[in-house]
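Taking it in order: structure first as structure tokens, then the write-up.
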Amino acid sequence: MDKSELIQIFFLTDQLDSAVITLAKERERSIECDDEDERYCRVQNMWFSAFNDNLTEYLYENMDLSKVSNIQEQLNRVANSDIEEEYKELAELMKYVMNGEFLNVNRPYVCDSACQAFNYGHREAGRAYRFGYDRSSAVERDTLSYDSLISRLADYQKRYPNSKFNLLIQREKRDAESRRGMLIYVDRYYEWYYYTGGFGAEAFISPSNGSYEWNIVLQYQRFVLTVSYSLDDDYHSGWNILAGFDAFENKYFKVVPFVGGYDPWMAGLQLEFRPWISNLYRDVISFGSYFTIKAKYVFKYGEKDRKADDNEKHSKHRFYLGVGFHIW
């Protein structure tokens with residue numbers, strides 16, 4: 001008899017302690033296969049009936065654990081029963097751990113005659129993965145819910161230091177910590193990739209004299225290179241190169257001092273505010289993007305525009321407002 005059938009029978013006959021113990025132990029075996037990461041382990045240890053018979057038909061009709069709601073209902077029965085406290089608490093933990101999970105039981109897969117002939121001779125090879133996951137039935141977790149789960153698992157270890165389920169609890173705790181970290185990694189990946197670099201485009205206008213700038217920005221770690229084309233009646237219009245340093249950055253703000261140019265020479269400070277930033281999986285899509293509203297102070301020193309008869313050096317203070325779009 002396969003362990004899945006045994007679990008179903010235990011639930012049907014109200015042997016709730018045996019049901020949750022068997023479920024936990026088989027989940028632990030599945031985890032061991034994950035740790036070994038060997039297909040052989042999965043083939044030999046994954047457990048449910050490779051064939052449909054009268055027993056699987058009966059269990060399918062009366063205790064179908066291939067539905068998330070059903071497995072949660074049975075674990076809730078255990079948690080509210082009068083069995084030993086350790087097993088009740090274990091069932092309560094399993095309700096949270098198995099969020100969106102079900103058991104791959106009964107009617108395992110479509111198997112043609114050749115497949116069936118092979119499986120009758122190699123029953124273990126006919127077994128499939130035990131635990132499935134239904135994302136549509138899962139309750140989405142935030143960092144607080146993971147914190148709660150991690151705390152529950154840690155409390156269980158303290159209350160039952162010699163529990164035979166400690167290996168399972170340790171692994172579930174480690175997995176919850178990893179998922180919590182990944183949640184932050186995904187939702188706040190900008191915190192991990194502030195200074196990895198990228199490129200962008202900027203446009204500025206000066207309210208004081210209506211001069212313009214269009215910039216292409218390249219950043220590597222904290223170092224910022226800007227190729228700038230400016231139209232300013234007080235100076236020669238044309239291309240300049242500016243070197244900057246990403247001095248401060250968080251989710252919403254960025255501060256970049258810079259120097260450079262040729263005619264005119266320039267030095268200044270740029271402030272950026274990000275009202276929008278993309279939320280992309282960097283392990284799936286290798287870039288993110290954001291929109292910025294910018295303010296910039298520039299001190300300029302150089303010759304007056306060639307359209308005038310003045311070739312003396314002039315210094316000016318400029319204040320610019322602008323927008324930008326960046327990919328990195």
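Chain labels A, B, ... are given in the sequence in which chains occur in the structure tokens; within each chain residues are numbered consecutively from 1, and ligands are likewise numbered from 1 in the order shown.
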
Non-local contacts of A:Phe165 (8 Å; only C-alpha atoms; under 4 positions in same chain excluded) as a PDB file with N, CA and C atoms, in the first residue's frame:
ATOM      1  N   ALA A  24       3.910  14.188   7.625  1.00  0.00           N
ATOM      2  CA  ALA A  24       5.146  14.913   7.933  1.00  0.00           C
ATOM      3  C   ALA A  24       6.376  14.106   7.544  1.00  0.00           C
ATOM      4  N   LYS A  25       6.350  12.821   7.819  1.00  0.00           N
ATOM      5  CA  LYS A  25       7.502  11.986   7.497  1.00  0.00           C
ATOM      6  C   LYS A  25       7.712  11.875   5.993  1.00  0.00           C
ATOM      7  N   ILE A 169      11.224  20.508  10.557  1.00  0.00           N
ATOM      8  CA  ILE A 169      10.997  21.867  11.041  1.00  0.00           C
ATOM      9  C   ILE A 169      12.164  22.770  10.674  1.00  0.00           C
TER      10      ILE A 169
END

Name the residues of stretch 218-304 of chain A that fall into strand (DSSP E or B) according to DSSP on the backbone, using the chain letters and numbers of this document, as an mmCIF file with N, CA and C atoms, in the first residue's frame.
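What ended up in part16.cif:
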data_model
loop_
_atom_site.group_PDB
_atom_site.id
_atom_site.type_symbol
_atom_site.label_atom_id
_atom_site.label_comp_id
_atom_site.auth_asym_id
_atom_site.auth_seq_id
_atom_site.Cartn_x
_atom_site.Cartn_y
_atom_site.Cartn_z
ATOM 1 N N LEU A 218 25.448 57.352 -18.851
ATOM 2 C CA LEU A 218 25.958 55.993 -18.652
ATOM 3 C C LEU A 218 26.497 55.891 -17.230
ATOM 4 N N GLN A 219 26.109 54.843 -16.515
ATOM 5 C CA GLN A 219 26.592 54.689 -15.151
ATOM 6 C C GLN A 219 27.187 53.310 -14.965
ATOM 7 N N TYR A 220 28.349 53.251 -14.304
ATOM 8 C CA TYR A 220 28.969 51.997 -13.910
ATOM 9 C C TYR A 220 29.247 52.075 -12.419
ATOM 10 N N PHE A 223 29.954 55.484 -10.651
ATOM 11 C CA PHE A 223 30.529 56.473 -11.556
ATOM 12 C C PHE A 223 29.579 56.753 -12.713
ATOM 13 N N VAL A 224 29.353 58.037 -12.959
ATOM 14 C CA VAL A 224 28.354 58.477 -13.933
ATOM 15 C C VAL A 224 29.032 59.299 -15.028
ATOM 16 N N LEU A 225 28.841 58.919 -16.273
ATOM 17 C CA LEU A 225 29.361 59.649 -17.423
ATOM 18 C C LEU A 225 28.178 60.197 -18.207
ATOM 19 N N THR A 226 28.174 61.506 -18.433
ATOM 20 C CA THR A 226 27.072 62.157 -19.136
ATOM 21 C C THR A 226 27.593 62.834 -20.401
ATOM 22 N N VAL A 227 26.989 62.480 -21.527
ATOM 23 C CA VAL A 227 27.255 63.150 -22.794
ATOM 24 C C VAL A 227 26.126 64.151 -22.990
ATOM 25 N N SER A 228 26.476 65.453 -23.002
ATOM 26 C CA SER A 228 25.466 66.508 -22.931
ATOM 27 C C SER A 228 25.522 67.416 -24.146
ATOM 28 N N TYR A 229 24.361 67.734 -24.686
ATOM 29 C CA TYR A 229 24.257 68.747 -25.734
ATOM 30 C C TYR A 229 23.428 69.896 -25.160
ATOM 31 N N SER A 230 24.006 71.119 -25.170
ATOM 32 C CA SER A 230 23.332 72.249 -24.544
ATOM 33 C C SER A 230 23.132 73.389 -25.536
ATOM 34 N N LEU A 231 22.030 74.105 -25.341
ATOM 35 C CA LEU A 231 21.731 75.338 -26.063
ATOM 36 C C LEU A 231 21.593 76.440 -25.024
ATOM 37 N N GLY A 238 26.720 73.230 -27.950
ATOM 38 C CA GLY A 238 27.362 72.046 -28.488
ATOM 39 C C GLY A 238 27.490 70.953 -27.446
ATOM 40 N N TRP A 239 28.395 70.015 -27.725
ATOM 41 C CA TRP A 239 28.532 68.815 -26.910
ATOM 42 C C TRP A 239 29.550 69.020 -25.798
ATOM 43 N N ASN A 240 29.262 68.425 -24.648
ATOM 44 C CA ASN A 240 30.190 68.389 -23.530
ATOM 45 C C ASN A 240 30.104 67.032 -22.848
ATOM 46 N N ILE A 241 31.161 66.685 -22.159
ATOM 47 C CA ILE A 241 31.193 65.438 -21.393
ATOM 48 C C ILE A 241 31.385 65.772 -19.926
ATOM 49 N N LEU A 242 30.536 65.181 -19.088
ATOM 50 C CA LEU A 242 30.569 65.435 -17.657
ATOM 51 C C LEU A 242 30.830 64.136 -16.909
ATOM 52 N N ALA A 243 31.629 64.205 -15.865
ATOM 53 C CA ALA A 243 31.905 63.048 -15.017
ATOM 54 C C ALA A 243 31.265 63.285 -13.652
ATOM 55 N N GLY A 244 30.467 62.318 -13.186
ATOM 56 C CA GLY A 244 29.779 62.475 -11.913
ATOM 57 C C GLY A 244 29.996 61.291 -11.001
ATOM 58 N N PHE A 245 29.532 61.448 -9.758
ATOM 59 C CA PHE A 245 29.673 60.399 -8.756
ATOM 60 C C PHE A 245 28.347 60.241 -8.022
ATOM 61 N N PHE A 248 24.752 59.577 -3.199
ATOM 62 C CA PHE A 248 23.693 59.079 -2.315
ATOM 63 C C PHE A 248 22.535 58.594 -3.165
ATOM 64 N N GLU A 249 21.927 57.481 -2.708
ATOM 65 C CA GLU A 249 20.772 56.970 -3.433
ATOM 66 C C GLU A 249 19.940 56.085 -2.519
ATOM 67 N N PHE A 253 15.313 58.943 -3.971
ATOM 68 C CA PHE A 253 16.184 60.088 -4.193
ATOM 69 C C PHE A 253 17.589 59.663 -4.595
ATOM 70 N N LYS A 254 18.232 60.563 -5.338
ATOM 71 C CA LYS A 254 19.591 60.323 -5.793
ATOM 72 C C LYS A 254 20.299 61.672 -5.882
ATOM 73 N N VAL A 255 21.562 61.710 -5.456
ATOM 74 C CA VAL A 255 22.355 62.935 -5.472
ATOM 75 C C VAL A 255 23.654 62.659 -6.226
ATOM 76 N N VAL A 256 23.928 63.473 -7.259
ATOM 77 C CA VAL A 256 25.111 63.270 -8.094
ATOM 78 C C VAL A 256 25.844 64.599 -8.292
ATOM 79 N N PRO A 257 27.003 64.812 -7.661
ATOM 80 C CA PRO A 257 27.863 65.946 -8.017
ATOM 81 C C PRO A 257 28.631 65.611 -9.295
ATOM 82 N N PHE A 258 28.992 66.640 -10.093
ATOM 83 C CA PHE A 258 29.655 66.381 -11.369
ATOM 84 C C PHE A 258 30.551 67.563 -11.760
ATOM 85 N N VAL A 259 31.502 67.270 -12.636
ATOM 86 C CA VAL A 259 32.375 68.287 -13.247
ATOM 87 C C VAL A 259 32.599 67.883 -14.697
ATOM 88 N N GLY A 260 33.083 68.844 -15.506
ATOM 89 C CA GLY A 260 33.431 68.502 -16.872
ATOM 90 C C GLY A 260 33.187 69.642 -17.829
ATOM 91 N N GLY A 261 32.972 69.285 -19.068
ATOM 92 C CA GLY A 261 32.758 70.279 -20.098
ATOM 93 C C GLY A 261 34.073 70.688 -20.766
ATOM 94 N N TRP A 265 33.340 75.294 -19.162
ATOM 95 C CA TRP A 265 33.611 74.354 -18.084
ATOM 96 C C TRP A 265 32.431 74.376 -17.121
ATOM 97 N N MET A 266 32.134 73.229 -16.538
ATOM 98 C CA MET A 266 30.946 73.143 -15.683
ATOM 99 C C MET A 266 31.236 72.326 -14.425
ATOM 100 N N ALA A 267 30.559 72.675 -13.367
ATOM 101 C CA ALA A 267 30.549 71.899 -12.136
ATOM 102 C C ALA A 267 29.206 72.129 -11.464
ATOM 103 N N GLY A 268 28.687 71.097 -10.806
ATOM 104 C CA GLY A 268 27.376 71.284 -10.194
ATOM 105 C C GLY A 268 26.913 70.086 -9.408
ATOM 106 N N LEU A 269 25.640 70.122 -9.076
ATOM 107 C CA LEU A 269 25.016 69.087 -8.260
ATOM 108 C C LEU A 269 23.624 68.800 -8.818
ATOM 109 N N GLN A 270 23.336 67.527 -9.018
ATOM 110 C CA GLN A 270 22.037 67.127 -9.559
ATOM 111 C C GLN A 270 21.271 66.315 -8.520
ATOM 112 N N LEU A 271 20.004 66.668 -8.322
ATOM 113 C CA LEU A 271 19.103 65.952 -7.423
ATOM 114 C C LEU A 271 18.024 65.269 -8.249
ATOM 115 N N GLU A 272 17.705 64.019 -7.900
ATOM 116 C CA GLU A 272 16.682 63.278 -8.627
ATOM 117 C C GLU A 272 15.631 62.754 -7.662
ATOM 118 N N PHE A 273 14.385 62.806 -8.102
ATOM 119 C CA PHE A 273 13.282 62.187 -7.373
ATOM 120 C C PHE A 273 12.621 61.166 -8.283
ATOM 121 N N ARG A 274 12.451 59.936 -7.780
ATOM 122 C CA ARG A 274 11.841 58.869 -8.574
ATOM 123 C C ARG A 274 10.414 58.622 -8.114
ATOM 124 N N PRO A 275 9.427 59.096 -8.843
ATOM 125 C CA PRO A 275 8.042 58.807 -8.468
ATOM 126 C C PRO A 275 7.592 57.423 -8.937
ATOM 127 N N TRP A 276 8.352 56.821 -9.854
ATOM 128 C CA TRP A 276 7.981 55.501 -10.387
ATOM 129 C C TRP A 276 9.231 54.678 -10.640
ATOM 130 N N ILE A 277 9.157 53.419 -10.212
ATOM 131 C CA ILE A 277 10.256 52.490 -10.472
ATOM 132 C C ILE A 277 9.647 51.138 -10.784
ATOM 133 N N SER A 289 13.767 49.641 -14.640
ATOM 134 C CA SER A 289 13.665 50.979 -15.213
ATOM 135 C C SER A 289 12.983 51.904 -14.222
ATOM 136 N N TYR A 290 13.222 53.184 -14.386
ATOM 137 C CA TYR A 290 12.562 54.162 -13.532
ATOM 138 C C TYR A 290 12.471 55.511 -14.231
ATOM 139 N N PHE A 291 11.502 56.301 -13.790
ATOM 140 C CA PHE A 291 11.273 57.654 -14.284
ATOM 141 C C PHE A 291 11.682 58.628 -13.194
ATOM 142 N N THR A 292 12.332 59.752 -13.574
ATOM 143 C CA THR A 292 12.804 60.711 -12.578
ATOM 144 C C THR A 292 12.382 62.134 -12.913
ATOM 145 N N ILE A 293 12.176 62.890 -11.860
ATOM 146 C CA ILE A 293 12.035 64.347 -11.942
ATOM 147 C C ILE A 293 13.305 64.928 -11.338
ATOM 148 N N LYS A 294 13.945 65.877 -12.040
ATOM 149 C CA LYS A 294 15.290 66.304 -11.682
ATOM 150 C C LYS A 294 15.374 67.807 -11.449
ATOM 151 N N ALA A 295 16.285 68.167 -10.589
ATOM 152 C CA ALA A 295 16.669 69.573 -10.382
ATOM 153 C C ALA A 295 18.190 69.616 -10.375
ATOM 154 N N LYS A 296 18.755 70.647 -10.997
ATOM 155 C CA LYS A 296 20.212 70.681 -11.149
ATOM 156 C C LYS A 296 20.726 72.111 -11.027
ATOM 157 N N TYR A 297 21.791 72.254 -10.241
ATOM 158 C CA TYR A 297 22.526 73.522 -10.191
ATOM 159 C C TYR A 297 23.837 73.344 -10.952
ATOM 160 N N VAL A 298 24.168 74.324 -11.826
ATOM 161 C CA VAL A 298 25.401 74.262 -12.608
ATOM 162 C C VAL A 298 26.113 75.623 -12.538
ATOM 163 N N PHE A 299 27.400 75.573 -12.256
ATOM 164 C CA PHE A 299 28.244 76.751 -12.391
ATOM 165 C C PHE A 299 29.004 76.609 -13.709
ATOM 166 N N LYS A 300 28.846 77.622 -14.603
ATOM 167 C CA LYS A 300 29.481 77.569 -15.914
ATOM 168 C C LYS A 300 30.523 78.678 -16.036
ATOM 169 N N TYR A 301 31.622 78.327 -16.709
ATOM 170 C CA TYR A 301 32.680 79.312 -16.953
ATOM 171 C C TYR A 301 33.238 79.080 -18.354
ATOM 172 N N GLY A 302 33.110 80.114 -19.216
ATOM 173 C CA GLY A 302 33.612 79.960 -20.569
ATOM 174 C C GLY A 302 33.369 81.189 -21.401
ATOM 175 N N GLU A 303 33.720 81.091 -22.683
ATOM 176 C CA GLU A 303 33.556 82.220 -23.590
ATOM 177 C C GLU A 303 32.100 82.411 -23.953
#

Show which residues sit within 12 Å of A:Val97, as a ChimeraX atom specification. Count only C-alpha atoms, and ignore same-chain residues fewer than 3 positions away.
-> /A:24,27,71-72,75,90-94,100-102,133,138-139,141,145-146,148-150,152-153,168-169,171-176,179

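Distance check against A:Tyr212 using only C-alpha atoms: of A:Leu167, A:Leu321, A:Leu59, A:Ala247, the minimum falls on A:Leu321.
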
Hey, which of A:Ala19, A:Gln74, A:Glu86, A:Leu183 ends up closest to A:Pro161? Count only C-alpha atoms.
-> A:Glu86

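Taking atom CA of A:His326 as the reference point, atom CA of A:Phe199 is found at 5.8 Å.
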
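Each of A:Lys158, A:Ser4, A:Phe204, A:Val217 was checked against A:Leu55 using only C-alpha atoms; the smallest atom-to-atom distance is that of A:Ser4.
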
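Closest to A:Val68 among A:Tyr96, A:Ser137, A:Lys313, A:Ser81 is A:Ser137, based on only C-alpha atoms.
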
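Atom CA of A:Ser136 is found 25.2 Å from atom CA of A:Phe11.
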
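Per DSSP on the backbone, alpha helix (DSSP H) in stretch 63-106 of chain A comprises Val68, Ser69, Asn70, Ile71, Gln72, Glu73, Gln74, Leu75, Asn76, Arg77, Val78, Ala79, Glu85, Glu86, Tyr87, Lys88, Glu89, Leu90, Ala91, Glu92, Leu93, Met94, Lys95, Tyr96 and Val97 of chain A.
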
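Using only C-alpha atoms, the shortest contact distance between A:Val323 and any of A:Asp82, A:Asp263, A:Glu202, A:Asp234 is found at A:Glu202.
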
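The coordinates place atom CA of A:Gly288 at 14.6 Å from atom CA of A:Tyr252.
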